[in-house]
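What follows is the content of query_17.txt, which has compact mmCIF, N, CA and C atoms:
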# COMPACT_ATOMS: atom_id res chain seq x y z
N MET A 1 -39.43 27.24 -3.56
CA MET A 1 -38.88 28.57 -3.75
C MET A 1 -39.70 29.60 -2.98
N ILE A 2 -41.01 29.53 -3.07
CA ILE A 2 -41.86 30.48 -2.36
C ILE A 2 -41.67 30.34 -0.87
N GLY A 3 -41.58 29.11 -0.37
CA GLY A 3 -41.39 28.89 1.06
C GLY A 3 -40.12 29.53 1.57
N VAL A 4 -39.06 29.48 0.79
CA VAL A 4 -37.79 30.08 1.18
C VAL A 4 -37.96 31.59 1.30
N ARG A 5 -38.61 32.21 0.34
CA ARG A 5 -38.82 33.65 0.37
C ARG A 5 -39.71 34.04 1.55
N GLN A 6 -40.69 33.22 1.82
CA GLN A 6 -41.55 33.50 2.98
C GLN A 6 -40.72 33.46 4.26
N ASP A 7 -39.82 32.49 4.37
CA ASP A 7 -38.96 32.39 5.54
C ASP A 7 -38.06 33.62 5.67
N VAL A 8 -37.51 34.08 4.55
CA VAL A 8 -36.66 35.26 4.57
C VAL A 8 -37.44 36.46 5.09
N LEU A 9 -38.65 36.62 4.58
CA LEU A 9 -39.45 37.76 5.02
C LEU A 9 -39.84 37.64 6.49
N LYS A 10 -40.12 36.43 6.94
CA LYS A 10 -40.44 36.24 8.36
C LYS A 10 -39.25 36.62 9.22
N LEU A 11 -38.06 36.14 8.82
CA LEU A 11 -36.85 36.42 9.59
C LEU A 11 -36.49 37.89 9.56
N SER A 12 -36.87 38.58 8.50
CA SER A 12 -36.55 40.00 8.40
C SER A 12 -37.58 40.87 9.12
N GLY A 13 -38.56 40.23 9.72
CA GLY A 13 -39.51 40.99 10.52
C GLY A 13 -40.80 41.35 9.82
N ASN A 14 -41.12 40.68 8.73
CA ASN A 14 -42.36 40.99 8.02
C ASN A 14 -43.14 39.71 7.72
N PRO A 15 -43.65 39.01 8.76
CA PRO A 15 -44.37 37.76 8.54
C PRO A 15 -45.68 37.95 7.78
N ASP A 16 -46.30 39.12 7.89
CA ASP A 16 -47.55 39.35 7.16
C ASP A 16 -47.33 39.30 5.65
N LEU A 17 -46.23 39.91 5.21
CA LEU A 17 -45.92 39.89 3.79
C LEU A 17 -45.59 38.46 3.35
N ALA A 18 -44.92 37.72 4.20
CA ALA A 18 -44.58 36.34 3.88
C ALA A 18 -45.84 35.52 3.64
N ALA A 19 -46.84 35.71 4.47
CA ALA A 19 -48.10 34.98 4.29
C ALA A 19 -48.80 35.39 2.99
N LEU A 20 -48.65 36.64 2.63
CA LEU A 20 -49.30 37.12 1.40
C LEU A 20 -48.69 36.53 0.14
N ILE A 21 -47.41 36.17 0.19
CA ILE A 21 -46.77 35.63 -1.01
C ILE A 21 -47.47 34.35 -1.47
N GLY A 22 -47.73 33.46 -0.53
CA GLY A 22 -48.44 32.23 -0.90
C GLY A 22 -49.81 32.52 -1.47
N GLU A 23 -50.49 33.47 -0.89
CA GLU A 23 -51.82 33.85 -1.39
C GLU A 23 -51.73 34.49 -2.77
N ASP A 24 -50.72 35.33 -2.97
CA ASP A 24 -50.53 35.95 -4.28
C ASP A 24 -50.30 34.91 -5.36
N PHE A 25 -49.52 33.89 -5.04
CA PHE A 25 -49.25 32.85 -6.04
C PHE A 25 -50.55 32.14 -6.42
N LYS A 26 -51.36 31.83 -5.43
CA LYS A 26 -52.64 31.17 -5.71
C LYS A 26 -53.53 32.04 -6.58
N GLN A 27 -53.54 33.35 -6.32
CA GLN A 27 -54.45 34.24 -7.03
C GLN A 27 -53.89 34.80 -8.33
N THR A 28 -52.60 35.12 -8.36
CA THR A 28 -52.07 35.83 -9.52
C THR A 28 -50.87 35.17 -10.17
N GLY A 29 -50.44 34.03 -9.67
CA GLY A 29 -49.32 33.33 -10.28
C GLY A 29 -47.99 33.97 -9.96
N ALA A 30 -47.02 33.65 -10.78
CA ALA A 30 -45.64 34.07 -10.53
C ALA A 30 -45.48 35.59 -10.52
N LEU A 31 -46.20 36.29 -11.39
CA LEU A 31 -46.07 37.75 -11.42
C LEU A 31 -46.54 38.36 -10.10
N GLY A 32 -47.59 37.82 -9.54
CA GLY A 32 -48.06 38.30 -8.24
C GLY A 32 -47.03 38.07 -7.15
N VAL A 33 -46.37 36.93 -7.20
CA VAL A 33 -45.32 36.63 -6.22
C VAL A 33 -44.17 37.61 -6.39
N LEU A 34 -43.76 37.84 -7.63
CA LEU A 34 -42.67 38.78 -7.87
C LEU A 34 -43.03 40.19 -7.39
N LYS A 35 -44.26 40.58 -7.62
CA LYS A 35 -44.71 41.90 -7.17
C LYS A 35 -44.66 41.97 -5.64
N SER A 36 -45.11 40.92 -4.98
CA SER A 36 -45.03 40.89 -3.51
C SER A 36 -43.58 40.93 -3.05
N TRP A 37 -42.72 40.21 -3.75
CA TRP A 37 -41.30 40.20 -3.41
C TRP A 37 -40.72 41.59 -3.55
N GLU A 38 -41.05 42.25 -4.65
CA GLU A 38 -40.56 43.62 -4.89
C GLU A 38 -41.06 44.55 -3.79
N GLU A 39 -42.32 44.43 -3.43
CA GLU A 39 -42.88 45.27 -2.36
C GLU A 39 -42.18 44.97 -1.03
N GLY A 40 -41.88 43.70 -0.80
CA GLY A 40 -41.17 43.33 0.42
C GLY A 40 -39.78 43.93 0.48
N LEU A 41 -39.08 43.90 -0.65
CA LEU A 41 -37.75 44.50 -0.69
C LEU A 41 -37.82 46.01 -0.48
N GLN A 42 -38.83 46.63 -1.07
CA GLN A 42 -39.01 48.08 -0.88
C GLN A 42 -39.27 48.40 0.59
N GLU A 43 -40.05 47.56 1.23
CA GLU A 43 -40.35 47.75 2.66
C GLU A 43 -39.08 47.57 3.50
N LEU A 44 -38.29 46.55 3.18
CA LEU A 44 -37.03 46.33 3.90
C LEU A 44 -36.07 47.49 3.70
N ALA A 45 -36.09 48.08 2.50
CA ALA A 45 -35.19 49.19 2.19
C ALA A 45 -35.47 50.41 3.06
N LYS A 46 -36.68 50.51 3.58
CA LYS A 46 -37.01 51.63 4.47
C LYS A 46 -36.31 51.50 5.81
N LYS A 47 -35.92 50.27 6.15
CA LYS A 47 -35.31 50.01 7.45
C LYS A 47 -33.81 49.77 7.37
N GLY A 48 -33.32 49.44 6.19
CA GLY A 48 -31.91 49.12 6.05
C GLY A 48 -31.53 48.94 4.59
N TYR A 49 -30.34 48.48 4.39
CA TYR A 49 -29.79 48.33 3.04
C TYR A 49 -30.42 47.15 2.31
N VAL A 50 -30.84 47.40 1.07
CA VAL A 50 -31.26 46.35 0.15
C VAL A 50 -30.47 46.58 -1.13
N SER A 51 -29.83 45.56 -1.60
CA SER A 51 -28.99 45.65 -2.79
C SER A 51 -29.81 46.07 -4.02
N SER A 52 -29.33 47.11 -4.69
CA SER A 52 -29.97 47.53 -5.94
C SER A 52 -29.85 46.45 -7.00
N TYR A 53 -28.80 45.67 -6.91
CA TYR A 53 -28.63 44.55 -7.84
C TYR A 53 -29.77 43.55 -7.67
N HIS A 54 -30.13 43.26 -6.42
CA HIS A 54 -31.23 42.33 -6.18
C HIS A 54 -32.56 42.93 -6.63
N MET A 55 -32.70 44.23 -6.47
CA MET A 55 -33.90 44.89 -6.98
C MET A 55 -33.94 44.75 -8.51
N ALA A 56 -32.80 44.94 -9.15
CA ALA A 56 -32.72 44.82 -10.61
C ALA A 56 -33.12 43.41 -11.06
N GLN A 57 -32.67 42.40 -10.34
CA GLN A 57 -33.05 41.03 -10.68
C GLN A 57 -34.57 40.87 -10.62
N THR A 58 -35.17 41.40 -9.58
CA THR A 58 -36.61 41.29 -9.42
C THR A 58 -37.34 42.00 -10.55
N TYR A 59 -36.93 43.23 -10.85
CA TYR A 59 -37.56 43.97 -11.94
C TYR A 59 -37.38 43.26 -13.28
N ALA A 60 -36.20 42.71 -13.50
CA ALA A 60 -35.96 42.00 -14.76
C ALA A 60 -36.88 40.78 -14.88
N ARG A 61 -37.07 40.06 -13.78
CA ARG A 61 -37.97 38.91 -13.80
C ARG A 61 -39.42 39.33 -14.02
N MET A 62 -39.75 40.55 -13.60
CA MET A 62 -41.09 41.08 -13.81
C MET A 62 -41.22 41.68 -15.22
N GLU A 63 -40.13 41.63 -15.99
CA GLU A 63 -40.06 42.17 -17.34
C GLU A 63 -40.24 43.68 -17.36
N ASP A 64 -39.78 44.34 -16.31
CA ASP A 64 -39.77 45.79 -16.23
C ASP A 64 -38.35 46.25 -16.54
N LYS A 65 -38.05 46.30 -17.82
CA LYS A 65 -36.70 46.59 -18.30
C LYS A 65 -36.20 47.94 -17.79
N SER A 66 -37.03 48.95 -17.84
CA SER A 66 -36.62 50.28 -17.43
C SER A 66 -36.19 50.32 -15.96
N GLN A 67 -36.98 49.74 -15.07
CA GLN A 67 -36.65 49.72 -13.65
C GLN A 67 -35.44 48.85 -13.38
N ALA A 68 -35.32 47.75 -14.12
CA ALA A 68 -34.16 46.86 -13.95
C ALA A 68 -32.88 47.61 -14.28
N LEU A 69 -32.87 48.31 -15.40
CA LEU A 69 -31.68 49.06 -15.80
C LEU A 69 -31.40 50.22 -14.85
N LYS A 70 -32.44 50.87 -14.38
CA LYS A 70 -32.27 51.95 -13.41
C LYS A 70 -31.64 51.42 -12.12
N SER A 71 -32.11 50.26 -11.69
CA SER A 71 -31.55 49.65 -10.47
C SER A 71 -30.11 49.21 -10.68
N LEU A 72 -29.79 48.73 -11.87
CA LEU A 72 -28.40 48.36 -12.16
C LEU A 72 -27.50 49.59 -12.14
N GLU A 73 -28.00 50.70 -12.66
CA GLU A 73 -27.23 51.95 -12.60
C GLU A 73 -26.98 52.34 -11.15
N HIS A 74 -28.00 52.21 -10.34
CA HIS A 74 -27.85 52.53 -8.92
C HIS A 74 -26.86 51.58 -8.26
N ALA A 75 -26.91 50.30 -8.63
CA ALA A 75 -25.97 49.32 -8.09
C ALA A 75 -24.52 49.71 -8.44
N LEU A 76 -24.33 50.21 -9.65
CA LEU A 76 -23.00 50.67 -10.06
C LEU A 76 -22.56 51.86 -9.21
N GLU A 77 -23.47 52.80 -8.98
CA GLU A 77 -23.15 53.95 -8.14
C GLU A 77 -22.78 53.51 -6.73
N GLN A 78 -23.44 52.46 -6.24
CA GLN A 78 -23.18 51.95 -4.90
C GLN A 78 -21.97 51.02 -4.85
N ARG A 79 -21.42 50.72 -6.02
CA ARG A 79 -20.31 49.77 -6.14
C ARG A 79 -20.68 48.40 -5.57
N ASP A 80 -21.87 47.98 -5.91
CA ASP A 80 -22.40 46.70 -5.45
C ASP A 80 -21.55 45.56 -6.00
N THR A 81 -21.00 44.76 -5.11
CA THR A 81 -20.11 43.66 -5.53
C THR A 81 -20.84 42.58 -6.31
N ASN A 82 -22.15 42.53 -6.23
CA ASN A 82 -22.92 41.54 -6.99
C ASN A 82 -22.83 41.78 -8.50
N LEU A 83 -22.42 42.97 -8.89
CA LEU A 83 -22.30 43.27 -10.32
C LEU A 83 -21.30 42.37 -11.03
N THR A 84 -20.46 41.68 -10.28
CA THR A 84 -19.52 40.75 -10.90
C THR A 84 -20.25 39.62 -11.62
N TYR A 85 -21.51 39.40 -11.29
CA TYR A 85 -22.31 38.32 -11.89
C TYR A 85 -23.21 38.80 -13.02
N ILE A 86 -23.14 40.07 -13.35
CA ILE A 86 -24.09 40.66 -14.28
C ILE A 86 -24.13 39.95 -15.64
N LYS A 87 -23.00 39.49 -16.11
CA LYS A 87 -22.96 38.87 -17.45
C LYS A 87 -23.56 37.46 -17.48
N VAL A 88 -23.65 36.81 -16.33
CA VAL A 88 -24.14 35.44 -16.31
C VAL A 88 -25.48 35.29 -15.59
N GLU A 89 -25.97 36.36 -14.99
CA GLU A 89 -27.23 36.30 -14.24
C GLU A 89 -28.39 36.01 -15.21
N PRO A 90 -29.07 34.86 -15.04
CA PRO A 90 -30.16 34.51 -15.94
C PRO A 90 -31.29 35.54 -15.99
N ALA A 91 -31.55 36.23 -14.91
CA ALA A 91 -32.64 37.21 -14.89
C ALA A 91 -32.43 38.32 -15.90
N PHE A 92 -31.18 38.59 -16.28
CA PHE A 92 -30.90 39.68 -17.19
C PHE A 92 -30.85 39.25 -18.66
N GLY A 93 -31.25 38.04 -18.93
CA GLY A 93 -31.21 37.52 -20.30
C GLY A 93 -31.94 38.38 -21.31
N GLU A 94 -33.08 38.91 -20.93
CA GLU A 94 -33.90 39.70 -21.86
C GLU A 94 -33.40 41.13 -22.06
N ILE A 95 -32.52 41.60 -21.19
CA ILE A 95 -32.06 42.98 -21.33
C ILE A 95 -30.60 43.09 -21.77
N ARG A 96 -29.94 41.95 -21.94
CA ARG A 96 -28.52 41.98 -22.32
C ARG A 96 -28.25 42.71 -23.63
N SER A 97 -29.17 42.62 -24.56
CA SER A 97 -28.96 43.26 -25.86
C SER A 97 -29.28 44.75 -25.85
N ASP A 98 -29.89 45.23 -24.79
CA ASP A 98 -30.25 46.65 -24.69
C ASP A 98 -28.97 47.49 -24.66
N PRO A 99 -28.94 48.56 -25.45
CA PRO A 99 -27.74 49.42 -25.47
C PRO A 99 -27.36 49.97 -24.09
N ARG A 100 -28.34 50.22 -23.24
CA ARG A 100 -28.05 50.72 -21.89
C ARG A 100 -27.33 49.67 -21.06
N PHE A 101 -27.71 48.40 -21.24
CA PHE A 101 -27.04 47.31 -20.54
C PHE A 101 -25.60 47.18 -21.05
N GLN A 102 -25.45 47.26 -22.37
CA GLN A 102 -24.11 47.17 -22.97
C GLN A 102 -23.22 48.32 -22.50
N ALA A 103 -23.80 49.50 -22.36
CA ALA A 103 -23.03 50.65 -21.87
C ALA A 103 -22.61 50.43 -20.42
N LEU A 104 -23.48 49.82 -19.66
CA LEU A 104 -23.16 49.51 -18.26
C LEU A 104 -21.99 48.54 -18.19
N LEU A 105 -22.00 47.53 -19.06
CA LEU A 105 -20.88 46.58 -19.11
C LEU A 105 -19.57 47.30 -19.42
N GLN A 106 -19.63 48.24 -20.35
CA GLN A 106 -18.43 49.00 -20.70
C GLN A 106 -17.93 49.81 -19.50
N ARG A 107 -18.87 50.41 -18.78
CA ARG A 107 -18.48 51.20 -17.60
C ARG A 107 -17.89 50.30 -16.52
N LEU A 108 -18.31 49.06 -16.50
CA LEU A 108 -17.75 48.08 -15.56
C LEU A 108 -16.46 47.50 -16.07
N ASP A 109 -16.08 47.90 -17.29
CA ASP A 109 -14.88 47.40 -17.95
C ASP A 109 -14.95 45.90 -18.19
N MET A 110 -16.15 45.46 -18.60
CA MET A 110 -16.37 44.05 -18.92
C MET A 110 -16.56 43.93 -20.43
N PRO A 111 -15.86 43.03 -21.07
CA PRO A 111 -16.05 42.86 -22.51
C PRO A 111 -17.46 42.36 -22.82
N LYS A 112 -17.93 42.71 -24.00
CA LYS A 112 -19.28 42.31 -24.42
C LYS A 112 -19.39 40.82 -24.59
File written out as structure tokens:
Amino acid sequence: MIGVRQDVLKLSGNPDLAALIGEDFKQTGALGVLKSWEEGLQELAKKGYVSSYHMAQTYARMEDKSQALKSLEHALEQRDTNLTYIKVEPAFGEIRSDPRFQALLQRLDMPK
């Protein structure tokens, strides 16, 4: 999984960040990798479009509920087509019961 993300970052023009992901995993484990991934997405967003839905997935995996929900709200504003997976996305398991998540589902016209 880490190798795939490193390849994505290399292909997107950021090989230095890709190399850091492996080092982060050695030093800080999965949370360090997720943090590097989030930083990589933020860096890519400066140059082009990065899906807010994908940012929300990353924040949810980092257990940053507030940022995850904020990113999902932004994804809704952007009409991100990935929102069709919101009810089954494993990364959102911990925030599904949050009233803000439930309100988002209602705004998407998805049954609870």
From a DSSP pass on the backbone, collect the residues of stretch 38-99 of chain A flagged as alpha helix (DSSP H) and hand them back as JSON, numbers by chain. {"A": [38, 39, 40, 41, 42, 43, 44, 45, 52, 53, 54, 55, 56, 57, 58, 59, 60, 61, 65, 66, 67, 68, 69, 70, 71, 72, 73, 74, 75, 76, 77, 99]}
Using the selection just defined, write its residues with N, CA and C atoms as an mmCIF file, in the coordinates of the input.
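The result, written out as out-v7.cif:
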data_model
loop_
_atom_site.group_PDB
_atom_site.id
_atom_site.type_symbol
_atom_site.label_atom_id
_atom_site.label_comp_id
_atom_site.auth_asym_id
_atom_site.auth_seq_id
_atom_site.Cartn_x
_atom_site.Cartn_y
_atom_site.Cartn_z
ATOM 1 N N GLU A 38 -41.050 42.250 -4.650
ATOM 2 C CA GLU A 38 -40.560 43.620 -4.890
ATOM 3 C C GLU A 38 -41.060 44.550 -3.790
ATOM 4 N N GLU A 39 -42.320 44.430 -3.430
ATOM 5 C CA GLU A 39 -42.880 45.270 -2.360
ATOM 6 C C GLU A 39 -42.180 44.970 -1.030
ATOM 7 N N GLY A 40 -41.880 43.700 -0.800
ATOM 8 C CA GLY A 40 -41.170 43.330 0.420
ATOM 9 C C GLY A 40 -39.780 43.930 0.480
ATOM 10 N N LEU A 41 -39.080 43.900 -0.650
ATOM 11 C CA LEU A 41 -37.750 44.500 -0.690
ATOM 12 C C LEU A 41 -37.820 46.010 -0.480
ATOM 13 N N GLN A 42 -38.830 46.630 -1.070
ATOM 14 C CA GLN A 42 -39.010 48.080 -0.880
ATOM 15 C C GLN A 42 -39.270 48.400 0.590
ATOM 16 N N GLU A 43 -40.050 47.560 1.230
ATOM 17 C CA GLU A 43 -40.350 47.750 2.660
ATOM 18 C C GLU A 43 -39.080 47.570 3.500
ATOM 19 N N LEU A 44 -38.290 46.550 3.180
ATOM 20 C CA LEU A 44 -37.030 46.330 3.900
ATOM 21 C C LEU A 44 -36.070 47.490 3.700
ATOM 22 N N ALA A 45 -36.090 48.080 2.500
ATOM 23 C CA ALA A 45 -35.190 49.190 2.190
ATOM 24 C C ALA A 45 -35.470 50.410 3.060
ATOM 25 N N SER A 52 -29.330 47.110 -4.690
ATOM 26 C CA SER A 52 -29.970 47.530 -5.940
ATOM 27 C C SER A 52 -29.850 46.450 -7.000
ATOM 28 N N TYR A 53 -28.800 45.670 -6.910
ATOM 29 C CA TYR A 53 -28.630 44.550 -7.840
ATOM 30 C C TYR A 53 -29.770 43.550 -7.670
ATOM 31 N N HIS A 54 -30.130 43.260 -6.420
ATOM 32 C CA HIS A 54 -31.230 42.330 -6.180
ATOM 33 C C HIS A 54 -32.560 42.930 -6.630
ATOM 34 N N MET A 55 -32.700 44.230 -6.470
ATOM 35 C CA MET A 55 -33.900 44.890 -6.980
ATOM 36 C C MET A 55 -33.940 44.750 -8.510
ATOM 37 N N ALA A 56 -32.800 44.940 -9.150
ATOM 38 C CA ALA A 56 -32.720 44.820 -10.610
ATOM 39 C C ALA A 56 -33.120 43.410 -11.060
ATOM 40 N N GLN A 57 -32.670 42.400 -10.340
ATOM 41 C CA GLN A 57 -33.050 41.030 -10.680
ATOM 42 C C GLN A 57 -34.570 40.870 -10.620
ATOM 43 N N THR A 58 -35.170 41.400 -9.580
ATOM 44 C CA THR A 58 -36.610 41.290 -9.420
ATOM 45 C C THR A 58 -37.340 42.000 -10.550
ATOM 46 N N TYR A 59 -36.930 43.230 -10.850
ATOM 47 C CA TYR A 59 -37.560 43.970 -11.940
ATOM 48 C C TYR A 59 -37.380 43.260 -13.280
ATOM 49 N N ALA A 60 -36.200 42.710 -13.500
ATOM 50 C CA ALA A 60 -35.960 42.000 -14.760
ATOM 51 C C ALA A 60 -36.880 40.780 -14.880
ATOM 52 N N ARG A 61 -37.070 40.060 -13.780
ATOM 53 C CA ARG A 61 -37.970 38.910 -13.800
ATOM 54 C C ARG A 61 -39.420 39.330 -14.020
ATOM 55 N N LYS A 65 -38.050 46.300 -17.820
ATOM 56 C CA LYS A 65 -36.700 46.590 -18.300
ATOM 57 C C LYS A 65 -36.200 47.940 -17.790
ATOM 58 N N SER A 66 -37.030 48.950 -17.840
ATOM 59 C CA SER A 66 -36.620 50.280 -17.430
ATOM 60 C C SER A 66 -36.190 50.320 -15.960
ATOM 61 N N GLN A 67 -36.980 49.740 -15.070
ATOM 62 C CA GLN A 67 -36.650 49.720 -13.650
ATOM 63 C C GLN A 67 -35.440 48.850 -13.380
ATOM 64 N N ALA A 68 -35.320 47.750 -14.120
ATOM 65 C CA ALA A 68 -34.160 46.860 -13.950
ATOM 66 C C ALA A 68 -32.880 47.610 -14.280
ATOM 67 N N LEU A 69 -32.870 48.310 -15.400
ATOM 68 C CA LEU A 69 -31.680 49.060 -15.800
ATOM 69 C C LEU A 69 -31.400 50.220 -14.850
ATOM 70 N N LYS A 70 -32.440 50.870 -14.380
ATOM 71 C CA LYS A 70 -32.270 51.950 -13.410
ATOM 72 C C LYS A 70 -31.640 51.420 -12.120
ATOM 73 N N SER A 71 -32.110 50.260 -11.690
ATOM 74 C CA SER A 71 -31.550 49.650 -10.470
ATOM 75 C C SER A 71 -30.110 49.210 -10.680
ATOM 76 N N LEU A 72 -29.790 48.730 -11.870
ATOM 77 C CA LEU A 72 -28.400 48.360 -12.160
ATOM 78 C C LEU A 72 -27.500 49.590 -12.140
ATOM 79 N N GLU A 73 -28.000 50.700 -12.660
ATOM 80 C CA GLU A 73 -27.230 51.950 -12.600
ATOM 81 C C GLU A 73 -26.980 52.340 -11.150
ATOM 82 N N HIS A 74 -28.000 52.210 -10.340
ATOM 83 C CA HIS A 74 -27.850 52.530 -8.920
ATOM 84 C C HIS A 74 -26.860 51.580 -8.260
ATOM 85 N N ALA A 75 -26.910 50.300 -8.630
ATOM 86 C CA ALA A 75 -25.970 49.320 -8.090
ATOM 87 C C ALA A 75 -24.520 49.710 -8.440
ATOM 88 N N LEU A 76 -24.330 50.210 -9.650
ATOM 89 C CA LEU A 76 -23.000 50.670 -10.060
ATOM 90 C C LEU A 76 -22.560 51.860 -9.210
ATOM 91 N N GLU A 77 -23.470 52.800 -8.980
ATOM 92 C CA GLU A 77 -23.150 53.950 -8.140
ATOM 93 C C GLU A 77 -22.780 53.510 -6.730
ATOM 94 N N PRO A 99 -28.940 48.560 -25.450
ATOM 95 C CA PRO A 99 -27.740 49.420 -25.470
ATOM 96 C C PRO A 99 -27.360 49.970 -24.090
#
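Straight-line separation from atom CA of A:Asp98 to atom CA of A:Trp37: 24.8 Å.
Between atom C of A:Met110 and atom C of A:Tyr53 lies a distance of 18.4 Å.
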Report the distance between atom CA of A:Lys87 and atom CA of A:Gln57 in Å, rounded to one decimal place. 12.3 Å
Give as a VMD selection string every residue, naming chains and numbers as the document does, that has an atom within 10 Å of (-30.5, 41.6, -12.4), counting only C-alpha atoms. chain A and resid 52 to 61 65 68 to 69 71 to 72 75 82 to 83 85 to 93 95
Let's have the selection written as an mmCIF file, keeping the file's coordinate frame, with N, CA and C atoms.
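Final file, selection.cif:
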data_model
loop_
_atom_site.group_PDB
_atom_site.id
_atom_site.type_symbol
_atom_site.label_atom_id
_atom_site.label_comp_id
_atom_site.auth_asym_id
_atom_site.auth_seq_id
_atom_site.Cartn_x
_atom_site.Cartn_y
_atom_site.Cartn_z
ATOM 1 N N SER A 52 -29.330 47.110 -4.690
ATOM 2 C CA SER A 52 -29.970 47.530 -5.940
ATOM 3 C C SER A 52 -29.850 46.450 -7.000
ATOM 4 N N TYR A 53 -28.800 45.670 -6.910
ATOM 5 C CA TYR A 53 -28.630 44.550 -7.840
ATOM 6 C C TYR A 53 -29.770 43.550 -7.670
ATOM 7 N N HIS A 54 -30.130 43.260 -6.420
ATOM 8 C CA HIS A 54 -31.230 42.330 -6.180
ATOM 9 C C HIS A 54 -32.560 42.930 -6.630
ATOM 10 N N MET A 55 -32.700 44.230 -6.470
ATOM 11 C CA MET A 55 -33.900 44.890 -6.980
ATOM 12 C C MET A 55 -33.940 44.750 -8.510
ATOM 13 N N ALA A 56 -32.800 44.940 -9.150
ATOM 14 C CA ALA A 56 -32.720 44.820 -10.610
ATOM 15 C C ALA A 56 -33.120 43.410 -11.060
ATOM 16 N N GLN A 57 -32.670 42.400 -10.340
ATOM 17 C CA GLN A 57 -33.050 41.030 -10.680
ATOM 18 C C GLN A 57 -34.570 40.870 -10.620
ATOM 19 N N THR A 58 -35.170 41.400 -9.580
ATOM 20 C CA THR A 58 -36.610 41.290 -9.420
ATOM 21 C C THR A 58 -37.340 42.000 -10.550
ATOM 22 N N TYR A 59 -36.930 43.230 -10.850
ATOM 23 C CA TYR A 59 -37.560 43.970 -11.940
ATOM 24 C C TYR A 59 -37.380 43.260 -13.280
ATOM 25 N N ALA A 60 -36.200 42.710 -13.500
ATOM 26 C CA ALA A 60 -35.960 42.000 -14.760
ATOM 27 C C ALA A 60 -36.880 40.780 -14.880
ATOM 28 N N ARG A 61 -37.070 40.060 -13.780
ATOM 29 C CA ARG A 61 -37.970 38.910 -13.800
ATOM 30 C C ARG A 61 -39.420 39.330 -14.020
ATOM 31 N N LYS A 65 -38.050 46.300 -17.820
ATOM 32 C CA LYS A 65 -36.700 46.590 -18.300
ATOM 33 C C LYS A 65 -36.200 47.940 -17.790
ATOM 34 N N ALA A 68 -35.320 47.750 -14.120
ATOM 35 C CA ALA A 68 -34.160 46.860 -13.950
ATOM 36 C C ALA A 68 -32.880 47.610 -14.280
ATOM 37 N N LEU A 69 -32.870 48.310 -15.400
ATOM 38 C CA LEU A 69 -31.680 49.060 -15.800
ATOM 39 C C LEU A 69 -31.400 50.220 -14.850
ATOM 40 N N SER A 71 -32.110 50.260 -11.690
ATOM 41 C CA SER A 71 -31.550 49.650 -10.470
ATOM 42 C C SER A 71 -30.110 49.210 -10.680
ATOM 43 N N LEU A 72 -29.790 48.730 -11.870
ATOM 44 C CA LEU A 72 -28.400 48.360 -12.160
ATOM 45 C C LEU A 72 -27.500 49.590 -12.140
ATOM 46 N N ALA A 75 -26.910 50.300 -8.630
ATOM 47 C CA ALA A 75 -25.970 49.320 -8.090
ATOM 48 C C ALA A 75 -24.520 49.710 -8.440
ATOM 49 N N ASN A 82 -22.150 42.530 -6.230
ATOM 50 C CA ASN A 82 -22.920 41.540 -6.990
ATOM 51 C C ASN A 82 -22.830 41.780 -8.500
ATOM 52 N N LEU A 83 -22.420 42.970 -8.890
ATOM 53 C CA LEU A 83 -22.300 43.270 -10.320
ATOM 54 C C LEU A 83 -21.300 42.370 -11.030
ATOM 55 N N TYR A 85 -21.510 39.400 -11.290
ATOM 56 C CA TYR A 85 -22.310 38.320 -11.890
ATOM 57 C C TYR A 85 -23.210 38.800 -13.020
ATOM 58 N N ILE A 86 -23.140 40.070 -13.350
ATOM 59 C CA ILE A 86 -24.090 40.660 -14.280
ATOM 60 C C ILE A 86 -24.130 39.950 -15.640
ATOM 61 N N LYS A 87 -23.000 39.490 -16.110
ATOM 62 C CA LYS A 87 -22.960 38.870 -17.450
ATOM 63 C C LYS A 87 -23.560 37.460 -17.480
ATOM 64 N N VAL A 88 -23.650 36.810 -16.330
ATOM 65 C CA VAL A 88 -24.140 35.440 -16.310
ATOM 66 C C VAL A 88 -25.480 35.290 -15.590
ATOM 67 N N GLU A 89 -25.970 36.360 -14.990
ATOM 68 C CA GLU A 89 -27.230 36.300 -14.240
ATOM 69 C C GLU A 89 -28.390 36.010 -15.210
ATOM 70 N N PRO A 90 -29.070 34.860 -15.040
ATOM 71 C CA PRO A 90 -30.160 34.510 -15.940
ATOM 72 C C PRO A 90 -31.290 35.540 -15.990
ATOM 73 N N ALA A 91 -31.550 36.230 -14.910
ATOM 74 C CA ALA A 91 -32.640 37.210 -14.890
ATOM 75 C C ALA A 91 -32.430 38.320 -15.900
ATOM 76 N N PHE A 92 -31.180 38.590 -16.280
ATOM 77 C CA PHE A 92 -30.900 39.680 -17.190
ATOM 78 C C PHE A 92 -30.850 39.250 -18.660
ATOM 79 N N GLY A 93 -31.250 38.040 -18.930
ATOM 80 C CA GLY A 93 -31.210 37.520 -20.300
ATOM 81 C C GLY A 93 -31.940 38.380 -21.310
ATOM 82 N N ILE A 95 -32.520 41.600 -21.190
ATOM 83 C CA ILE A 95 -32.060 42.980 -21.330
ATOM 84 C C ILE A 95 -30.600 43.090 -21.770
#
